[in-house]
$ cat start.tsv   # TSV, C-alpha atoms
chain	number	residue	atom	x	y	z
Q	1003	MET	CA	93.78	74.29	118.04
Q	1004	GLU	CA	91.95	76.48	115.59
Q	1005	ILE	CA	93.61	77.43	112.31
Q	1006	LYS	CA	91.94	79.79	109.88
Q	1007	VAL	CA	92.91	80.73	106.35
Q	1008	LEU	CA	91.60	84.17	105.41
Q	1009	GLY	CA	90.88	84.76	101.74
Q	1010	PRO	CA	88.09	85.16	99.23
Q	1011	GLY	CA	89.29	82.16	97.25
Q	1012	CYS	CA	92.15	83.07	94.97
Q	1013	ARG	CA	94.88	80.63	94.02
Q	1014	ASN	CA	97.22	81.62	96.81
Q	1015	CYS	CA	94.47	81.14	99.41
Q	1016	GLU	CA	93.96	77.58	98.23
Q	1017	LYS	CA	97.68	76.93	98.32
Q	1018	LEU	CA	97.89	78.26	101.88
Q	1019	GLU	CA	95.00	76.04	102.97
Q	1020	ALA	CA	96.73	72.97	101.56
Q	1021	ASP	CA	100.05	73.98	103.16
Q	1022	ALA	CA	98.38	74.55	106.53
Q	1023	LYS	CA	96.81	71.09	106.40
Q	1024	GLN	CA	100.17	69.62	105.49
Q	1025	ALA	CA	101.80	71.42	108.44
Q	1026	VAL	CA	99.11	70.14	110.82
Q	1027	LYS	CA	99.75	66.61	109.64
Q	1028	GLU	CA	103.51	66.95	110.00
Q	1029	ALA	CA	103.20	68.44	113.47
Q	1030	GLY	CA	100.72	65.75	114.47
Q	1031	ALA	CA	98.57	68.48	115.97
Q	1032	ASP	CA	94.93	68.10	116.82
Q	1033	SER	CA	93.56	71.03	114.89
Q	1034	THR	CA	91.09	71.98	112.24
Q	1035	VAL	CA	91.85	74.18	109.25
Q	1036	THR	CA	88.91	76.31	108.17
Q	1037	LYS	CA	88.64	78.82	105.39
Q	1038	VAL	CA	87.18	82.26	106.03
Q	1039	THR	CA	85.77	83.88	102.92
Q	1040	ASP	CA	83.44	86.44	104.50
Q	1041	MET	CA	84.90	89.89	103.91
Q	1042	ALA	CA	83.66	91.45	107.15
Q	1043	GLU	CA	85.18	88.63	109.17
Q	1044	ILE	CA	88.51	88.75	107.29
Q	1045	MET	CA	88.73	92.47	107.97
Q	1046	ARG	CA	87.98	92.09	111.66
Q	1047	TYR	CA	91.43	90.54	111.86
Q	1048	GLY	CA	92.87	93.70	110.31
Q	1049	VAL	CA	94.04	91.86	107.20
Q	1050	LEU	CA	93.84	93.61	103.81
Q	1051	SER	CA	96.18	91.55	101.72
Q	1052	THR	CA	95.13	87.95	101.41
Q	1053	PRO	CA	95.85	85.20	102.11
Q	1054	GLY	CA	96.08	85.54	105.88
Q	1055	LEU	CA	96.79	82.86	108.43
Q	1056	VAL	CA	95.28	82.88	111.92
Q	1057	ILE	CA	96.18	80.40	114.62
Q	1058	ASN	CA	94.15	80.41	117.83
Q	1059	GLY	CA	92.82	83.87	117.04
Q	1060	LYS	CA	96.26	85.35	116.40
Q	1061	VAL	CA	97.24	86.64	112.94
Q	1062	LYS	CA	100.51	84.94	112.00
Q	1063	SER	CA	100.98	86.18	108.44
Q	1064	TYR	CA	99.23	88.03	105.66
Q	1065	GLY	CA	99.83	88.93	102.03
Q	1066	ARG	CA	102.33	86.14	101.53
Q	1067	LEU	CA	102.67	82.38	101.51
Q	1068	PRO	CA	104.57	81.19	104.56
Q	1069	SER	CA	106.40	77.89	104.07
Q	1070	VAL	CA	105.07	74.65	105.52
Q	1071	LYS	CA	108.06	74.66	107.87
Q	1072	GLU	CA	107.15	78.13	109.14
Q	1073	ILE	CA	103.52	77.17	109.70
Q	1074	ARG	CA	104.63	74.04	111.49
Q	1075	ALA	CA	106.82	76.08	113.82
Q	1076	TRP	CA	103.86	78.34	114.68
Q	1077	ILE	CA	101.67	75.31	115.37
Q	1078	GLU	CA	104.30	73.81	117.64
Q	1079	ASP	CA	104.64	77.16	119.43
Q	1080	GLU	CA	100.94	77.17	120.13
Q	1081	LYS	CA	101.01	73.61	121.33
Q	1082	GLY	CA	103.52	74.81	123.91
F	1098	MET	CA	128.41	88.64	76.30
F	1099	ILE	CA	124.83	87.68	75.59
F	1100	LYS	CA	125.34	88.86	72.04
F	1101	GLU	CA	128.40	86.61	71.65
F	1102	PHE	CA	126.50	83.66	73.05
F	1103	ALA	CA	123.56	84.23	70.70
F	1104	ASP	CA	125.94	84.49	67.73
F	1105	TRP	CA	127.80	81.37	68.76
F	1106	LEU	CA	124.59	79.39	69.22
F	1107	THR	CA	123.05	80.53	65.94
F	1108	TYR	CA	126.03	80.34	63.63
F	1109	ASN	CA	128.23	77.66	65.19
F	1110	ILE	CA	125.84	75.25	66.89
F	1111	PHE	CA	122.75	75.55	64.68
F	1112	GLU	CA	125.08	76.16	61.71
F	1113	MET	CA	122.88	78.82	60.21
F	1114	GLN	CA	123.98	81.08	57.41
F	1115	GLU	CA	124.67	84.56	58.74
F	1116	GLY	CA	122.46	87.21	57.11
F	1117	THR	CA	119.53	84.95	56.24
F	1118	HIS	CA	116.05	85.73	57.58
F	1119	ILE	CA	115.83	82.58	59.64
F	1120	ALA	CA	119.28	83.11	61.18
F	1121	ASP	CA	118.37	86.70	62.02
F	1122	ALA	CA	115.15	85.57	63.65
F	1123	VAL	CA	116.80	82.82	65.71
F	1124	ASN	CA	119.66	85.09	66.75
F	1125	PHE	CA	117.23	87.79	67.85
F	1126	PHE	CA	115.10	85.25	69.73
F	1127	VAL	CA	118.05	83.80	71.68
F	1128	TYR	CA	119.47	87.22	72.49
F	1129	ASP	CA	116.19	88.77	73.58
F	1130	THR	CA	115.07	85.76	75.59
F	1131	ILE	CA	118.25	85.76	77.68
F	1132	LYS	CA	118.30	89.54	78.05
F	1133	ILE	CA	114.66	89.87	79.06
F	1134	PHE	CA	114.61	86.95	81.48
F	1135	LEU	CA	117.75	88.31	83.16
F	1136	MET	CA	116.14	91.74	83.46
F	1137	LEU	CA	112.88	90.28	84.74
F	1138	THR	CA	114.61	88.21	87.39
F	1139	VAL	CA	116.71	91.07	88.72
F	1140	ILE	CA	113.95	93.69	88.66
F	1141	ILE	CA	111.15	91.51	90.05
F	1142	PHE	CA	113.43	90.41	92.86
F	1143	ALA	CA	114.46	93.98	93.70
F	1144	VAL	CA	110.88	95.27	93.56
F	1145	SER	CA	109.69	92.35	95.72
F	1146	VAL	CA	112.17	93.32	98.41
F	1147	ILE	CA	111.03	96.96	98.23
F	1148	ARG	CA	107.43	95.79	98.33
F	1149	SER	CA	107.88	93.95	101.57
F	1150	PHE	CA	108.20	97.39	103.19
F	1151	PHE	CA	104.87	98.59	101.79
F	1152	PRO	CA	102.07	96.13	102.49
F	1153	PRO	CA	98.57	97.63	102.04
F	1154	GLU	CA	98.13	97.41	105.82
F	1155	LYS	CA	100.90	100.03	106.12
F	1156	VAL	CA	100.05	102.04	103.01
F	1157	LYS	CA	96.55	102.79	104.27
F	1158	LYS	CA	98.10	104.52	107.28
F	1159	ILE	CA	100.35	106.60	105.04
F	1160	LEU	CA	97.39	107.69	102.92
F	1161	ALA	CA	94.85	108.19	105.70
F	1162	ASN	CA	93.58	111.75	105.90
F	1163	LYS	CA	95.95	112.96	103.17
F	1164	ALA	CA	94.62	115.95	101.29
F	1165	GLU	CA	93.24	115.20	97.85
F	1166	PHE	CA	95.55	115.63	94.89
F	1167	ALA	CA	98.74	115.23	96.97
F	1168	GLY	CA	97.07	112.06	98.20
F	1169	ASN	CA	96.26	110.98	94.64
F	1170	ILE	CA	99.88	111.42	93.57
F	1171	MET	CA	101.13	109.39	96.53
F	1172	ALA	CA	98.51	106.72	95.91
F	1173	ALA	CA	99.61	106.33	92.28
F	1174	LEU	CA	103.26	105.99	93.36
F	1175	LEU	CA	102.40	103.48	96.07
F	1176	GLY	CA	100.22	101.63	93.56
F	1177	ILE	CA	103.39	100.77	91.65
F	1178	VAL	CA	105.20	99.16	94.56
F	1179	THR	CA	102.33	97.73	96.56
F	1180	PRO	CA	101.65	94.05	96.14
F	1181	PHE	CA	98.08	93.33	95.44
F	1182	CYS	CA	96.34	90.78	93.31
F	1183	SER	CA	92.86	91.41	91.97
F	1184	CYS	CA	91.35	89.18	94.67
F	1185	SER	CA	92.62	91.67	97.26
F	1186	ALA	CA	90.90	94.61	95.53
F	1187	VAL	CA	87.79	94.43	97.71
F	1188	PRO	CA	89.49	94.19	101.11
F	1189	VAL	CA	91.99	96.88	100.10
F	1190	PHE	CA	89.18	99.20	99.01
F	1191	ILE	CA	87.20	98.72	102.22
F	1192	GLY	CA	90.28	98.89	104.43
F	1193	PHE	CA	91.49	102.14	102.89
F	1194	LEU	CA	88.10	103.85	103.32
F	1195	GLU	CA	87.82	102.57	106.86
F	1196	ALA	CA	91.21	104.05	107.68
F	1197	GLY	CA	90.05	107.45	106.41
F	1198	VAL	CA	91.72	107.44	103.00
F	1199	PRO	CA	89.58	109.69	100.74
F	1200	LEU	CA	87.49	107.79	98.17
F	1201	GLY	CA	89.18	109.43	95.17
F	1202	VAL	CA	92.63	108.59	96.53
F	1203	THR	CA	91.57	104.97	97.08
F	1204	LEU	CA	90.33	104.78	93.48
F	1205	THR	CA	93.63	106.19	92.18
F	1206	PHE	CA	95.37	103.37	93.99
F	1207	LEU	CA	93.03	100.77	92.50
F	1208	ILE	CA	93.58	102.13	88.98
F	1209	ALA	CA	97.35	102.39	89.26
F	1210	SER	CA	98.05	99.07	90.94
F	1211	PRO	CA	97.15	96.62	88.14
F	1212	MET	CA	98.13	98.97	85.30
F	1213	ILE	CA	101.63	99.95	86.31
F	1214	ASN	CA	104.03	97.36	87.60
F	1215	GLU	CA	107.58	96.21	87.27
F	1216	VAL	CA	106.81	93.43	84.82
F	1217	ALA	CA	105.25	95.87	82.36
F	1218	LEU	CA	108.18	98.22	82.85
F	1219	VAL	CA	110.81	95.56	82.14
F	1220	LEU	CA	109.04	94.14	79.12
F	1221	LEU	CA	108.44	97.52	77.54
F	1222	TRP	CA	112.00	98.56	78.31
F	1223	GLY	CA	113.54	95.35	76.97
F	1224	LEU	CA	111.43	95.09	73.83
F	1225	PHE	CA	110.71	98.69	72.88
F	1226	GLY	CA	113.27	100.79	74.71
F	1227	ALA	CA	113.41	103.14	77.66
F	1228	LYS	CA	111.38	105.90	76.06
F	1229	ILE	CA	108.25	103.81	75.59
F	1230	ALA	CA	108.59	102.21	79.04
F	1231	LEU	CA	108.82	105.58	80.77
F	1232	LEU	CA	105.98	107.00	78.70
F	1233	TYR	CA	103.77	104.09	79.69
F	1234	ILE	CA	104.53	104.50	83.39
F	1235	GLY	CA	104.16	108.28	83.24
F	1236	THR	CA	100.88	108.33	81.38
F	1237	GLY	CA	99.55	105.41	83.44
F	1238	MET	CA	100.19	107.41	86.60
F	1239	PHE	CA	98.61	110.46	85.02
F	1240	VAL	CA	95.44	108.52	84.15
F	1241	ALA	CA	95.26	107.06	87.67
F	1242	ILE	CA	95.81	110.42	89.40
F	1243	LEU	CA	93.37	112.32	87.21
F	1244	GLY	CA	90.75	109.55	87.18
F	1245	GLY	CA	90.76	109.17	90.97
F	1246	PHE	CA	90.77	112.92	91.51
F	1247	ILE	CA	87.75	113.51	89.25
F	1248	LEU	CA	85.83	110.58	90.75
F	1249	GLY	CA	86.47	111.93	94.24
F	1250	ARG	CA	84.98	115.27	93.18
F	1251	ILE	CA	81.57	113.86	92.17
F	1252	PRO	CA	78.92	115.35	94.51
F	1253	ALA	CA	77.68	112.86	97.11
F	1254	VAL	CA	80.00	110.20	95.69
F	1255	GLU	CA	80.10	108.44	99.07
F	1256	GLY	CA	76.46	107.44	98.58
F	1257	MET	CA	77.44	105.56	95.44
F	1258	VAL	CA	79.53	103.11	97.40
F	1259	GLU	CA	77.71	100.01	98.67
F	1260	ASP	CA	76.30	100.78	102.11
F	1261	TYR	CA	77.76	97.75	103.90
F	1262	VAL	CA	81.25	99.02	103.08
F	1263	TRP	CA	80.86	101.89	105.55
F	1264	GLU	CA	79.73	99.54	108.30
F	1265	ILE	CA	82.73	97.23	108.32
F	1266	ARG	CA	85.11	97.88	111.16
F	1267	MET	CA	88.67	96.74	110.89
F	1268	GLY	CA	90.73	95.07	113.50
F	1269	GLU	CA	94.28	96.12	114.10
F	1270	VAL	CA	97.00	93.71	113.14
F	1271	VAL	CA	100.44	93.86	114.61
F	1272	LEU	CA	103.07	91.52	113.31
F	1273	PRO	CA	106.70	91.42	114.22
F	1274	GLU	CA	108.77	93.33	111.64
F	1275	LEU	CA	110.03	91.01	108.91
F	1276	THR	CA	113.72	90.23	108.99
F	1277	TRP	CA	115.94	90.67	105.93
F	1278	ARG	CA	116.04	86.88	105.68
F	1279	ASP	CA	112.20	86.85	105.46
F	1280	ARG	CA	112.17	89.58	102.86
F	1281	ILE	CA	114.73	87.85	100.67
F	1282	ASP	CA	113.05	84.44	100.96
F	1283	GLN	CA	109.74	86.00	100.14
F	1284	ALA	CA	111.18	87.90	97.18
F	1285	LYS	CA	112.72	84.68	95.83
F	1286	LEU	CA	109.38	82.89	96.02
F	1287	HIS	CA	107.59	85.81	94.44
F	1288	THR	CA	110.12	86.07	91.61
F	1289	GLN	CA	109.77	82.36	90.81
F	1290	ASP	CA	106.01	82.63	90.93
F	1291	ILE	CA	105.83	85.61	88.56
F	1292	LEU	CA	108.38	84.15	86.17
F	1293	LYS	CA	106.39	80.92	86.02
F	1294	ARG	CA	103.24	82.83	85.28
F	1295	VAL	CA	104.57	85.20	82.63
F	1296	SER	CA	107.26	83.18	80.88
F	1297	LEU	CA	104.96	81.72	78.25
F	1298	TYR	CA	103.62	85.14	77.25
F	1299	VAL	CA	107.08	86.60	77.23
F	1300	LEU	CA	108.40	83.81	75.00
F	1301	ILE	CA	105.49	84.30	72.60
F	1302	GLY	CA	106.15	88.04	72.65
F	1303	ILE	CA	109.82	87.59	71.84
F	1304	GLY	CA	108.91	84.98	69.24
F	1305	VAL	CA	106.57	87.38	67.49
F	1306	GLY	CA	109.24	90.05	67.69
F	1307	ALA	CA	111.81	87.65	66.24
F	1308	LEU	CA	109.60	86.72	63.31
F	1309	ILE	CA	108.93	90.35	62.59
F	1310	HIS	CA	112.64	91.05	62.92
F	1311	GLY	CA	113.61	88.32	60.49
F	1312	TYR	CA	110.81	88.78	58.03
F	1313	ALA	CA	109.77	92.19	56.76
F	1314	PRO	CA	106.35	93.26	58.05
F	1315	VAL	CA	103.36	93.87	55.87
F	1316	ASP	CA	101.69	97.14	56.82
F	1317	PHE	CA	98.32	95.55	57.29
F	1318	VAL	CA	97.39	97.26	60.54
F	1319	ALA	CA	98.81	100.58	59.39
F	1320	LYS	CA	96.28	100.65	56.61
F	1321	TYR	CA	93.29	100.33	58.92
F	1322	ALA	CA	94.50	101.58	62.29
F	1323	GLY	CA	97.22	103.97	61.27
F	1324	ARG	CA	97.65	107.62	62.04
F	1325	ASP	CA	95.19	108.71	59.36
F	1326	ASN	CA	92.24	106.97	60.93
F	1327	PRO	CA	90.91	109.25	63.70
F	1328	LEU	CA	88.70	106.46	65.05
F	1329	ALA	CA	91.59	104.05	65.58
F	1330	VAL	CA	92.26	105.07	69.20
F	1331	PRO	CA	88.69	104.77	70.54
F	1332	LEU	CA	88.24	101.56	68.56
F	1333	ALA	CA	91.41	100.03	70.01
F	1334	VAL	CA	90.23	100.94	73.52
F	1335	LEU	CA	86.74	99.53	72.96
F	1336	ILE	CA	88.19	96.29	71.62
F	1337	ALA	CA	90.49	96.08	74.64
F	1338	ILE	CA	87.79	96.38	77.31
F	1339	PRO	CA	86.41	92.83	77.07
F	1340	LEU	CA	89.94	91.47	76.73
F	1341	TYR	CA	91.56	90.74	80.02
F	1342	SER	CA	95.16	90.00	80.68
F	1343	ASN	CA	98.04	91.05	82.85
F	1344	ALA	CA	100.66	93.37	81.43
F	1345	ALA	CA	102.83	90.45	80.34
F	1346	GLY	CA	100.04	88.87	78.36
F	1347	THR	CA	99.49	91.98	76.28
F	1348	ILE	CA	103.09	92.17	75.12
F	1349	PRO	CA	102.86	89.68	72.23
F	1350	ILE	CA	99.87	91.56	70.81
F	1351	VAL	CA	101.55	94.91	71.33
F	1352	GLN	CA	104.71	93.65	69.60
F	1353	ALA	CA	102.76	92.53	66.59
F	1354	LEU	CA	100.61	95.65	66.33
F	1355	MET	CA	103.54	98.04	66.56
F	1356	ALA	CA	105.53	96.18	63.98
F	1357	LYS	CA	102.56	96.18	61.63
F	1358	GLY	CA	102.41	99.93	61.76
F	1359	MET	CA	100.04	100.86	64.58
F	1360	PRO	CA	101.17	104.22	66.01
F	1361	LEU	CA	102.53	104.39	69.56
F	1362	GLY	CA	99.62	106.28	71.12
F	1363	THR	CA	97.09	103.77	69.87
F	1364	VAL	CA	99.21	100.89	71.17
F	1365	LEU	CA	99.69	102.49	74.62
F	1366	ALA	CA	95.95	103.13	74.89
F	1367	PHE	CA	95.22	99.56	73.88
F	1368	MET	CA	97.58	98.14	76.50
F	1369	MET	CA	96.27	100.40	79.27
F	1370	ALA	CA	92.66	99.53	78.50
F	1371	ILE	CA	93.40	95.81	78.65
F	1372	THR	CA	95.04	96.03	82.07
F	1373	ALA	CA	92.98	98.77	83.74
F	1374	ILE	CA	89.44	98.25	82.44
F	1375	SER	CA	88.19	94.71	82.16
F	1376	PHE	CA	85.05	92.74	82.86
F	1377	PRO	CA	86.56	90.59	85.63
F	1378	GLU	CA	87.89	93.72	87.32
F	1379	MET	CA	84.46	95.37	87.03
F	1380	VAL	CA	82.75	92.31	88.50
F	1381	ILE	CA	85.08	92.51	91.50
F	1382	LEU	CA	84.58	96.27	91.93
F	1383	ARG	CA	80.81	95.84	91.64
F	1384	LYS	CA	80.97	94.24	95.09
F	1385	VAL	CA	81.86	97.64	96.58
F	1386	LEU	CA	80.65	100.23	94.05
F	1387	LYS	CA	77.04	100.80	93.09
F	1388	VAL	CA	76.30	100.43	89.36
F	1389	LYS	CA	76.18	104.17	88.80
F	1390	LEU	CA	79.64	104.84	90.22
F	1391	LEU	CA	81.04	101.79	88.45
F	1392	ALA	CA	79.73	103.13	85.14
F	1393	ILE	CA	81.23	106.57	85.80
F	1394	PHE	CA	84.50	104.90	86.84
F	1395	ALA	CA	84.68	102.94	83.58
F	1396	ALA	CA	83.66	105.96	81.50
F	1397	ILE	CA	86.28	108.30	83.01
F	1398	LEU	CA	89.02	105.71	82.60
F	1399	THR	CA	87.99	105.08	79.00
F	1400	ILE	CA	88.02	108.79	78.15
F	1401	ALA	CA	91.35	109.38	79.92
F	1402	ILE	CA	92.98	106.46	78.11
F	1403	ILE	CA	91.64	107.58	74.73
F	1404	ALA	CA	93.02	111.07	75.45
F	1405	VAL	CA	96.44	109.58	76.17
F	1406	GLY	CA	96.29	107.73	72.86
F	1407	TYR	CA	95.50	110.87	70.85
F	1408	LEU	CA	98.11	112.88	72.73
F	1409	PHE	CA	100.92	110.49	71.88
F	1410	ASN	CA	99.84	110.03	68.31
F	1411	ALA	CA	99.93	113.80	67.96
F	1412	ILE	CA	103.33	114.48	69.54
F	1413	ILE	CA	105.40	111.47	68.51

$ encode --input "start.tsv" --output "structure tokens"
Amino acid sequence: MEIKVLGPGCRNCEKLEADAKQAVKEAGADSTVTKVTDMAEIMRYGVLSTPGLVINGKVKSYGRLPSVKEIRAWIEDEKG
Amino acid sequence: MIKEFADWLTYNIFEMQEGTHIADAVNFFVYDTIKIFLMLTVIIFAVSVIRSFFPPEKVKKILANKAEFAGNIMAALLGIVTPFCSCSAVPVFIGFLEAGVPLGVTLTFLIASPMINEVALVLLWGLFGAKIALLYIGTGMFVAILGGFILGRIPAVEGMVEDYVWEIRMGEVVLPELTWRDRIDQAKLHTQDILKRVSLYVLIGIGVGALIHGYAPVDFVAKYAGRDNPLAVPLAVLIAIPLYSNAAGTIPIVQALMAKGMPLGTVLAFMMAITAISFPEMVILRKVLKVKLLAIFAAILTIAIIAVGYLFNAII
């Protein structure tokens, strides 16, 4: 499973990256969390307000910090 | 009720003598701290809920293809309620242009957003009264509307935006509408976050105010930066440009300057310059604006803010 954190590197982006990793661990999922800092790529997802969270190519949230619990639920959804 | 609590704490618990300077200062500090933190909590929470209805992804659609001027006014209003931290300035700028929002309207939004916000409103209201708070918001909007409008009128201004900006194509993002539960949870988080970030500044601000309240001020600033010195406004603005802070951070300084006799217009100009024109902000905007446009942007803002300062010094 591919998880991406969209953001140029502000504090909230770092927090979201850490939370996403935590959620992956809790869910026991086999996935990588990568950070996307390139503006053109962030915008291809249609996201203006960072941080954004993308799981398997689908934008799950933007402009806010979802809770670890929320992220975990999305991961488990994707796992099916 | 807050007043009674502050009195009880000062005179009964701390056993201070009513009417002394130190008792006055402590009483004022306790009262103002409780009052302002209550106001901040309620207002930030309410604005956060309102904000959840206006993410930039939605705002750009509202502003797309709006006529200039009407568009500038709407952009300034939306700038107040739209969440956006300085690290989102670049994507917001590109995204707005890509959606067809006129350049001048986009710039109005970028000027208004950091300068006018609910934290500034509450602090000014709580510490200096409604009149000053409303004046700050009103003139801030005026500067943003006028600045963006003039910038949009520069001939061939589009060429002064970095070329890559025009090449970026945005995807479309569709998320399920947030539920009220989401909005309220989000607003709670946001309120905690903001309070954590500003509380130190606010406490210092109230502390400065309390000291001034308890101990009579010396008119040090008034002598050098008072009404009689015509250079005080431009000087205050020039000093403010390299300083960078959010609206909350400027409050302690503003408190002190006003109490020491700096006239209102000079203080407003100083505060606006700190929040709207700053080096970090310019570095971020340099990523999307060519040097020439950035220089014009800074110059127009500086002139507009200085004008506001003179205007208020003249009429109040």

$ residues_around --input "start.tsv" --residues "F:Leu1174" --least-positions-apart "5" --cutoff "10 Å" --atoms "all atoms listed in the file" --output "PyMOL selection string"
chain F and resi 1168-1169+1179+1205-1206+1209-1210+1213+1238+1241-1242

$ residues_around --input "start.tsv" --residues "stretch 1063-1070 of chain Q" --least-positions-apart "4" --cutoff "9 Å" --atoms "only C-alpha atoms" --output "list in words"
Leu1008, Asn1014, Cys1015, Lys1017, Leu1018, Asp1021, Ala1022, Gln1024, Ala1025, Val1049, Leu1050, Ser1051, Thr1052, Pro1053, Gly1054, Leu1055, Val1056, Arg1074 and Ala1075 of chain Q; Pro1152, Pro1153, Pro1180, Phe1181, Leu1272, Gln1283, Leu1286 and His1287 of chain F

$ interface_residues --input "start.tsv" --of "chain Q" --to "chain F" --cutoff "6 Å" --atoms "only C-alpha atoms" --output "number ranges by chain"
Q: 1042, 1045-1048, 1050-1051

$ residues_around --input "start.tsv" --residues "stretch 1126-1143 of chain F" --least-positions-apart "5" --cutoff "10 Å" --atoms "only C-alpha atoms" --output "PyMOL selection string"
chain F and resi 1098-1104+1106-1107+1120-1121+1148+1214-1224+1281+1283-1289+1291-1292+1295-1296+1299-1300+1302-1308+1310-1311

$ closest_residue --input "start.tsv" --among "Q:Ile1044, Q:Gly1009, Q:Lys1060, Q:Glu1004" --to "Q:Asp1032" --atoms "only C-alpha atoms"
Q:Glu1004

$ atom_distance --input "start.tsv" --atom1 "atom CA of F:Lys1228" --atom2 "atom CA of F:Ile1177"
18.3 Å

$ atom_distance --input "start.tsv" --atom1 "atom CA of F:Glu1115" --atom2 "atom CA of F:Met1355"
26.3 Å

$ atom_distance --input "start.tsv" --atom1 "atom CA of F:Lys1384" --atom2 "atom CA of F:Glu1259"
7.5 Å

$ axis_aligned_box --input "start.tsv" --around "stretch 1047-1056 of chain Q" --padding-each-side "5 Å" --output "AutoDock Vina command-line options"
--center_x 94.1 --center_y 88.3 --center_z 106.7 --size_x 15.4 --size_y 20.8 --size_z 20.5

$ closest_atom_pairs --input "start.tsv" --of "stretch 1215-1279 of chain F" --to "stretch 1360-1376 of chain F" --cutoff "12 Å" --atoms "all atoms listed in the file" --output "Markdown table"
| residue | atom | partner | partner_atom | distance |
| --- | --- | --- | --- | --- |
| F:Ala1217 | CA | F:Met1368 | CA | 9.9 |
| F:Leu1221 | CA | F:Leu1365 | CA | 10.5 |
| F:Phe1225 | CA | F:Leu1361 | CA | 10.5 |
| F:Lys1228 | CA | F:Leu1361 | CA | 11.1 |
| F:Ile1229 | CA | F:Leu1361 | CA | 8.3 |
| F:Ala1230 | CA | F:Leu1365 | CA | 9.9 |
| F:Leu1231 | CA | F:Leu1365 | CA | 11.4 |
| F:Leu1232 | CA | F:Leu1365 | CA | 8.7 |
| F:Tyr1233 | CA | F:Leu1365 | CA | 6.7 |
| F:Ile1234 | CA | F:Met1369 | CA | 10.1 |
| F:Gly1235 | CA | F:Leu1365 | CA | 11.3 |
| F:Thr1236 | CA | F:Leu1365 | CA | 9.0 |
| F:Gly1237 | CA | F:Met1369 | CA | 7.3 |
| F:Met1238 | CA | F:Met1369 | CA | 10.9 |
| F:Phe1239 | CA | F:Met1369 | CA | 11.8 |
| F:Val1240 | CA | F:Met1369 | CA | 9.5 |
| F:Ala1241 | CA | F:Ala1373 | CA | 9.5 |
| F:Gly1244 | CA | F:Ala1373 | CA | 11.5 |

$ residues_around --input "start.tsv" --residues "F:Glu1165" --least-positions-apart "2" --cutoff "10 Å" --atoms "all atoms listed in the file" --output "list in words"
Leu1160, Asn1162, Lys1163, Ala1167, Gly1168, Asn1169, Ile1170, Met1171, Val1198, Pro1199, Leu1200, Gly1201, Val1202, Gly1245, Phe1246, Gly1249 and Arg1250 of chain F

$ closest_residue --input "start.tsv" --among "Q:Met1003, Q:Arg1013, Q:Glu1072, Q:Glu1019" --to "Q:Thr1036" --atoms "only C-alpha atoms"
Q:Glu1019

$ decode --input "start.tsv" --residues "stretch 1028-1052 of chain Q" --atoms "C-alpha atoms" --output "PDB file, in the first residue's frame"
ATOM      1  CA  GLU Q1028      -0.921   0.034  14.581  1.00  0.00           C
ATOM      2  CA  ALA Q1029      -2.741  -1.431  11.593  1.00  0.00           C
ATOM      3  CA  GLY Q1030       0.140  -3.811  10.928  1.00  0.00           C
ATOM      4  CA  ALA Q1031      -0.098  -2.856   7.276  1.00  0.00           C
ATOM      5  CA  ASP Q1032       2.604  -3.460   4.733  1.00  0.00           C
ATOM      6  CA  SER Q1033       2.981   0.056   3.427  1.00  0.00           C
ATOM      7  CA  THR Q1034       5.466   2.808   2.911  1.00  0.00           C
ATOM      8  CA  VAL Q1035       4.938   6.425   3.921  1.00  0.00           C
ATOM      9  CA  THR Q1036       6.606   8.885   1.574  1.00  0.00           C
ATOM     10  CA  LYS Q1037       6.655  12.641   1.657  1.00  0.00           C
ATOM     11  CA  VAL Q1038       5.865  14.656  -1.456  1.00  0.00           C
ATOM     12  CA  THR Q1039       7.363  18.128  -1.415  1.00  0.00           C
ATOM     13  CA  ASP Q1040       7.324  18.913  -5.136  1.00  0.00           C
ATOM     14  CA  MET Q1041       4.708  21.600  -5.748  1.00  0.00           C
ATOM     15  CA  ALA Q1042       3.669  20.419  -9.206  1.00  0.00           C
ATOM     16  CA  GLU Q1043       3.082  16.910  -7.915  1.00  0.00           C
ATOM     17  CA  ILE Q1044       1.149  18.102  -4.840  1.00  0.00           C
ATOM     18  CA  MET Q1045      -1.114  20.147  -7.088  1.00  0.00           C
ATOM     19  CA  ARG Q1046      -1.753  17.274  -9.463  1.00  0.00           C
ATOM     20  CA  TYR Q1047      -3.770  15.803  -6.616  1.00  0.00           C
ATOM     21  CA  GLY Q1048      -5.854  18.985  -6.525  1.00  0.00           C
ATOM     22  CA  VAL Q1049      -4.666  19.876  -3.032  1.00  0.00           C
ATOM     23  CA  LEU Q1050      -4.070  23.550  -2.146  1.00  0.00           C
ATOM     24  CA  SER Q1051      -4.084  23.468   1.610  1.00  0.00           C
ATOM     25  CA  THR Q1052      -1.379  21.298   3.060  1.00  0.00           C
TER      26      THR Q1052
END
